[in-house]
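Here is query.txt, consisting of compact mmCIF, C-alpha atoms:
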# COMPACT_ATOMS: atom_id res chain seq x y z
CA MET A 45 79.80 127.25 110.41
CA GLN A 46 80.93 124.83 113.09
CA LYS A 47 82.95 126.12 116.01
CA ARG A 48 86.60 125.00 115.94
CA ILE A 49 87.91 122.91 118.81
CA LEU A 50 91.20 124.62 119.56
CA TYR A 51 92.95 121.74 121.33
CA ILE A 52 92.16 119.45 118.37
CA ASP A 53 93.56 122.06 115.96
CA ALA A 54 96.68 122.36 118.12
CA LEU A 55 97.09 118.58 118.19
CA LYS A 56 96.74 118.43 114.39
CA ALA A 57 99.39 121.15 114.04
CA VAL A 58 101.80 119.20 116.26
CA LEU A 59 101.10 116.01 114.29
CA MET A 60 101.69 117.81 110.97
CA PHE A 61 105.02 119.06 112.29
CA LEU A 62 105.90 115.49 113.32
CA VAL A 63 105.01 114.19 109.83
CA VAL A 64 107.40 116.70 108.26
CA TRP A 65 110.11 116.03 110.86
CA GLY A 66 109.79 112.26 110.53
CA HIS A 67 109.98 112.40 106.72
CA THR A 68 112.93 114.77 106.92
CA ILE A 69 114.83 112.35 109.16
CA GLN A 70 113.83 109.38 107.01
CA TYR A 71 114.83 110.87 103.66
CA THR A 72 117.86 113.00 104.56
CA ASN A 73 119.73 110.40 106.61
CA THR A 74 119.67 107.60 104.07
CA ASN A 75 121.97 105.43 106.12
CA GLU A 76 119.76 105.77 109.23
CA GLY A 77 116.20 106.06 107.94
CA LEU A 78 113.74 104.54 110.37
CA ASN A 79 116.57 103.17 112.52
CA ASN A 80 116.87 106.67 113.95
CA PRO A 81 115.21 106.53 117.40
CA ILE A 82 113.46 109.89 116.93
CA ALA A 83 112.02 108.82 113.57
CA ALA A 84 110.98 105.46 115.02
CA PHE A 85 109.23 107.21 117.91
CA ILE A 86 107.41 109.64 115.59
CA TYR A 87 106.35 106.87 113.23
CA SER A 88 105.03 104.79 116.10
CA PHE A 89 102.01 107.04 116.67
CA HIS A 90 101.63 110.09 114.41
CA MET A 91 99.53 108.63 111.57
CA PRO A 92 97.39 106.41 113.82
CA MET A 93 96.65 109.55 115.86
CA PHE A 94 95.54 111.37 112.69
CA MET A 95 93.24 108.45 111.84
CA MET A 96 91.83 108.44 115.38
CA LEU A 97 91.08 112.18 115.09
CA SER A 98 89.33 111.51 111.77
CA GLY A 99 87.23 108.82 113.42
CA MET A 100 86.25 111.25 116.17
CA PHE A 101 84.51 113.43 113.59
CA PHE A 102 83.03 110.60 111.51
CA LYS A 103 79.62 110.84 113.20
CA ARG A 104 78.91 114.02 111.23
CA GLN A 105 79.44 112.12 107.98
CA LEU A 106 76.75 109.60 108.91
CA GLN A 107 74.23 112.44 108.98
CA LEU A 108 74.85 113.31 105.31
CA GLN A 109 73.05 111.72 102.39
CA PHE A 110 75.38 109.15 100.83
CA SER A 111 75.65 111.01 97.50
CA THR A 112 76.61 114.21 99.37
CA LEU A 113 79.11 112.32 101.50
CA LEU A 114 80.67 110.70 98.42
CA ARG A 115 80.94 114.03 96.59
CA LYS A 116 82.39 115.87 99.61
CA ASN A 117 84.91 113.14 100.32
CA PHE A 118 85.94 112.98 96.67
CA LEU A 119 86.47 116.75 96.48
CA ARG A 120 88.10 116.99 99.91
CA LEU A 121 90.32 113.89 99.73
CA ILE A 122 90.64 112.18 96.35
CA LEU A 123 90.93 115.25 94.13
CA PRO A 124 93.81 116.73 96.19
CA ALA A 125 95.44 113.27 96.28
CA LEU A 126 95.28 113.08 92.48
CA VAL A 127 96.80 116.55 92.15
CA ILE A 128 99.58 115.71 94.63
CA THR A 129 100.25 112.44 92.82
CA PHE A 130 100.41 114.16 89.44
CA LEU A 131 102.78 116.84 90.75
CA LEU A 132 104.99 114.21 92.39
CA PHE A 133 105.07 112.29 89.13
CA LEU A 134 106.21 115.41 87.25
CA ILE A 135 108.88 116.19 89.84
CA ILE A 136 110.17 112.62 89.84
CA PHE A 137 110.12 112.27 86.08
CA VAL A 138 111.80 115.64 85.43
CA ASN A 139 114.41 115.56 88.22
CA LYS A 140 115.47 111.94 87.86
CA PRO A 141 114.67 110.74 84.38
CA ARG A 142 113.65 107.10 84.65
CA GLY A 143 111.57 104.77 82.64
CA ILE A 144 107.84 105.25 82.95
CA TYR A 145 107.44 101.88 84.70
CA GLU A 146 110.09 102.72 87.33
CA SER A 147 108.56 106.18 87.86
CA ILE A 148 105.10 104.70 88.41
CA ASN A 149 106.48 102.12 90.88
CA TRP A 150 108.31 104.84 92.81
CA LEU A 151 105.20 107.00 92.77
CA TRP A 152 103.07 104.13 94.12
CA ALA A 153 105.49 103.80 97.05
CA CYS A 154 105.25 107.56 97.78
CA ARG A 155 101.55 108.11 97.08
CA PRO A 156 99.43 110.10 99.56
CA TRP A 157 98.26 106.84 101.14
CA PHE A 158 96.70 108.40 104.22
CA ILE A 159 94.25 110.46 102.17
CA THR A 160 93.05 107.49 100.14
CA THR A 161 92.88 105.32 103.27
CA LEU A 162 90.71 107.93 105.00
CA PHE A 163 88.48 108.13 101.92
CA PHE A 164 87.90 104.36 101.95
CA CYS A 165 87.27 104.34 105.71
CA ASN A 166 84.68 107.12 105.42
CA VAL A 167 82.88 105.92 102.31
CA THR A 168 82.86 102.17 102.97
CA THR A 169 81.70 102.51 106.58
CA SER A 170 79.06 105.08 105.62
CA PHE A 171 77.73 102.86 102.83
CA LEU A 172 77.57 99.78 105.05
CA TYR A 173 75.95 101.81 107.84
CA ARG A 174 73.12 102.61 105.46
CA VAL A 175 72.76 98.90 104.64
CA VAL A 176 72.84 97.43 108.18
CA ARG A 177 71.67 100.54 110.11
CA HIS A 178 74.03 99.79 113.01
CA VAL A 179 77.37 101.54 113.51
CA GLY A 180 79.09 98.64 115.30
CA TYR A 181 78.09 96.12 112.62
CA SER A 182 79.13 98.48 109.83
CA PHE A 183 82.57 98.83 111.47
CA LEU A 184 82.93 95.06 111.75
CA ILE A 185 81.77 94.35 108.18
CA THR A 186 84.04 97.11 106.84
CA PHE A 187 87.05 95.64 108.64
CA ILE A 188 86.29 92.16 107.28
CA PHE A 189 85.89 93.65 103.79
CA PHE A 190 89.27 95.38 104.06
CA CYS A 191 90.88 92.11 105.19
CA LEU A 192 89.53 90.37 102.09
CA LEU A 193 90.94 92.94 99.66
CA PRO A 194 94.23 92.27 97.88
CA SER A 195 97.54 93.46 99.31
CA ILE A 196 96.79 97.15 98.64
CA SER A 197 94.68 97.14 101.79
CA ASP A 198 97.43 96.53 104.36
CA ARG A 199 97.38 100.14 105.49
CA LEU A 200 93.59 100.08 105.59
CA ILE A 201 93.69 97.05 107.87
CA PHE A 202 96.27 98.69 110.13
CA MET A 203 94.63 102.13 110.29
CA TYR A 204 90.96 101.21 110.44
CA PRO A 205 90.95 100.20 114.14
CA PHE A 206 92.28 103.69 115.00
CA PHE A 207 89.45 105.23 112.98
CA VAL A 208 86.93 103.11 114.92
CA LEU A 209 88.64 103.97 118.22
CA GLY A 210 88.28 107.68 117.43
CA TYR A 211 84.58 107.24 116.73
CA TYR A 212 84.02 105.46 120.04
CA ILE A 213 86.12 107.99 121.99
CA ASN A 214 83.90 110.76 120.63
CA TYR A 215 80.78 108.67 121.35
CA SER A 216 81.97 108.09 124.91
CA LEU A 217 82.77 111.79 125.43
CA ASP A 218 79.34 112.77 124.08
CA ASN A 219 77.60 110.36 126.45
CA GLN A 220 79.63 111.50 129.45
CA GLN A 221 78.80 115.12 128.68
CA VAL A 222 75.09 114.27 128.42
CA ARG A 223 75.18 112.36 131.74
CA TRP A 224 77.05 115.21 133.41
CA LEU A 225 74.63 117.83 132.09
CA SER A 226 71.64 115.78 133.26
CA GLY A 227 73.10 115.46 136.76
CA GLY A 228 74.24 111.85 136.36
CA GLY A 229 77.92 112.55 137.03
CA VAL A 230 80.84 111.46 134.92

Turn this file's structure into structure tokens for me.
Amino acid sequence: MQKRILYIDALKAVLMFLVVWGHTIQYTNTNEGLNNPIAAFIYSFHMPMFMMLSGMFFKRQLQLQFSTLLRKNFLRLILPALVITFLLFLIIFVNKPRGIYESINWLWACRPWFITTLFFCNVTTSFLYRVVRHVGYSFLITFIFFCLLPSISDRLIFMYPFFVLGYYINYSLDNQQVRWLSGGGV
């Protein structure tokens, strides 16, 4: 079992709190929504920070066989997203009876987008890494691929640079630690 990094866990806890707080402000003050300065501040960084943290730990995924990576990411990300989506659909449909088409549209707007975005970042980059055998090129090709997708990829395009940034922050920290340990300074 891998040792937990406590400051990363603490940061994730703070970010989770901010997600809940931001959504609470957004959905309870219908006349303010994202015009609320606190909500606007929270929304300016909390999800990009989550994506950056995910990118910091992406290197481990590159070490897995692709079939293992795909299975783990499906079980860890997509399966919970499907369960959440199904439960949301039931809650929406039961609490506010609407037509099926309107319920599906509302559900699409409220889907667990971050989870599916993270899945596509992990899987697409990992697949392309195995094709081109170079992390930087796989990041670039993945970003171009996301830009070519239809409009469902707008969050992918926005979030992917934060994922890449997290990877390179971790890469930089690893290299500094190696230099420091070998007497090269920081």

Spatial neighbours of Phe187 (chain A), max dist 12 Å, all atoms listed in the file, sep filter under 5 positions, as a ChimeraX atom specification: /A:164-165,168-169,172,180-182,192-193,197-208

How far is it from CA of Trp65 (chain A) to CA of Lys47 (chain A), in Å with one decimal? 29.4 Å

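Compared by their closest atoms to Gly210 (chain A), and using all atoms listed in the file, the residues A:Phe102, A:Phe183, A:Arg115, A:Pro156 rank with A:Phe102 nearest.
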
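Shortest atom-to-atom contact with Thr161 (chain A) among A:Leu119, A:Met91, A:Leu108, A:Leu184: A:Met91, counting all atoms listed in the file.
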
Restricting the calculation to only C-alpha atoms, which member of A:Ala83, A:Gln107, A:Thr160, A:Phe94 is positioned closest to Ala57 (chain A)? A:Phe94

To one decimal place, how far is CA of Met60 (chain A) from CA of Ile159 (chain A) in Å? 13.7 Å

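Between CA of Val63 (chain A) and CA of Pro81 (chain A) there is a distance of 14.8 Å.
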